[in-house]
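See structure below.
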Amino acid sequence: MTNQDRPIFRPLTVRGVTLRNRIVMSPMTRMASPDGVPSAPVDAYYRRRAEGQVGLIITEGTGVARDASLNDANVPRFHGEKELAAWKKVVDEVHAADGLIAPQLWHVGAAKGKDVLGKIDSPSGLSKKGGNPFTEPMTDAEVADTIAAFADAARNAKLLGFDAIELHGAHGYLIDQFFWEGTNVRGDGFGGPTIGERSTFAAEILKAVRAAVGPDYPVIIRLSQWKQQDYAVKNAETPQELEAWLQPLADAGADIFHCSQRRFWEPEFEGSDLNFAGWAKKLTGAPTITVGSVGLSGEFIAAFGGEGSQPASLDGLLERLDRGEFDLV
């Protein structure tokens, strides 16, 4: 098998949308949209990635229509006339370069920042496990409004011509705060002692999104075990808990699981070499994206602390993709 024959260069079709290859550009916060509006440099940035023949571009996180969905004024919003018109220009530039693009729809929840506007949304008023509540838990009405905001954003994405959408359900932000027992201590239908019960908020968002975009539109959800508040924590300690977490999301409308690890090569559970994406695919049958320090010798977050990392061989990654452990990188 030549390099060009390997699965990473083969197309993949999901809900009628065909990616030219298995390479996905991960969402990367850029803080380059003054007052939340993407500008001409943003258009050019994404067009260059399409010209590089990335199979699917996932945009930086972009805020849904809740006052406190973002915590930095230079992060783009995905609501409002000016904002949506600016995103239409991004879509047009990417499509002109024969690329595919999905917005990542985001709500930071109780993750603190410098530019929070309005009441902070949080399942239980906590930003980390063991902390003191610093805001009131979301009311039923606020939960319902947030679910509707994600659905409205997904509907607008389809109307603007985006090829798919991704929900940001990872890294300790709002959806993940509902997953995490350290930040979700609710006693209603959006909380509970098990990860399956705490998946209800995300499942309801997925149902609303699926209703908004229809049956022929790919919906991705990005998930992680680790949180920016605690790198070692896990929502699921066993494969059984992982299935209880992910299957309701698949049933609710998730087509692809984007499985974020700090180091993609690490096994998720003892007794198996499968990583997070591998287990997600095994348990749900859904296509998965693996991500986390791909092409690096070390772990990417350590770079923020001044630690170096060198380019690393992709041979091991490609071998795992070849044998079907995951579908996209």
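Naming scheme: A, B, ... for chains in displayed order of the structure tokens; residues 1 onward per chain; ligands 1 onward as shown.
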Secondary structure check, strand (DSSP E) residues of region 7-130 of chain A, as a PyMOL selection string: chain A and resi 12-14+17-19+24-25+56-63+101-106
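Across the model, the gap from CA of Val185 (chain A) to CA of Gly125 (chain A) is 9.4 Å.
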Nearest candidate to Arg210 (chain A) (options A:Ala302, A:Arg15, A:Arg22, A:Ala40; using only C-alpha atoms): A:Arg15
Test item: residues at most 12 Å from Gly187 (chain A), only C-alpha atoms, excluding those fewer than 6 positions along its chain, as a ChimeraX atom specification: /A:123-124,137,181,193-194,197-198
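For the residues A:Leu100, A:Leu206, A:Val233, A:Val219, ranking by smallest atom-to-atom distance to Glu166 (chain A) using only C-alpha atoms places A:Val219 first.
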For Ile58 (chain A): contacts at 12 Å, only C-alpha atoms, fewer than 5 positions along chain excluded, given as JSON, numbers by chain: {"A": [23, 24, 25, 26, 27, 28, 29, 46, 49, 50, 90, 91, 94, 99, 100, 101, 102, 103, 104, 105, 162, 163, 164, 165, 166, 167, 168, 219, 220, 221, 222, 258, 289]}
Close residues, Val213 (chain A) itself excluded, 9 Å, only C-alpha atoms, min 5 positions apart in chain, as a PyMOL selection string: chain A and resi 151+154-158+208+218-219
Who sits within 12 Å of Asp322 (chain A), only C-alpha atoms, same chain under 4 positions skipped, as a list of chain:residue names: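 Here the qualifying residues turn out to be A:Met1, A:Asn3, A:Asp5, A:Arg6, A:Pro7, A:Ile8, A:Phe9, A:Arg10, A:Arg22, A:Asp315, A:Gly316, A:Leu317, A:Leu318, A:Phe326, A:Asp327, A:Leu328, A:Val329.
Between CA of His79 (chain A) and CA of Phe134 (chain A) lies a distance of 27.3 Å.
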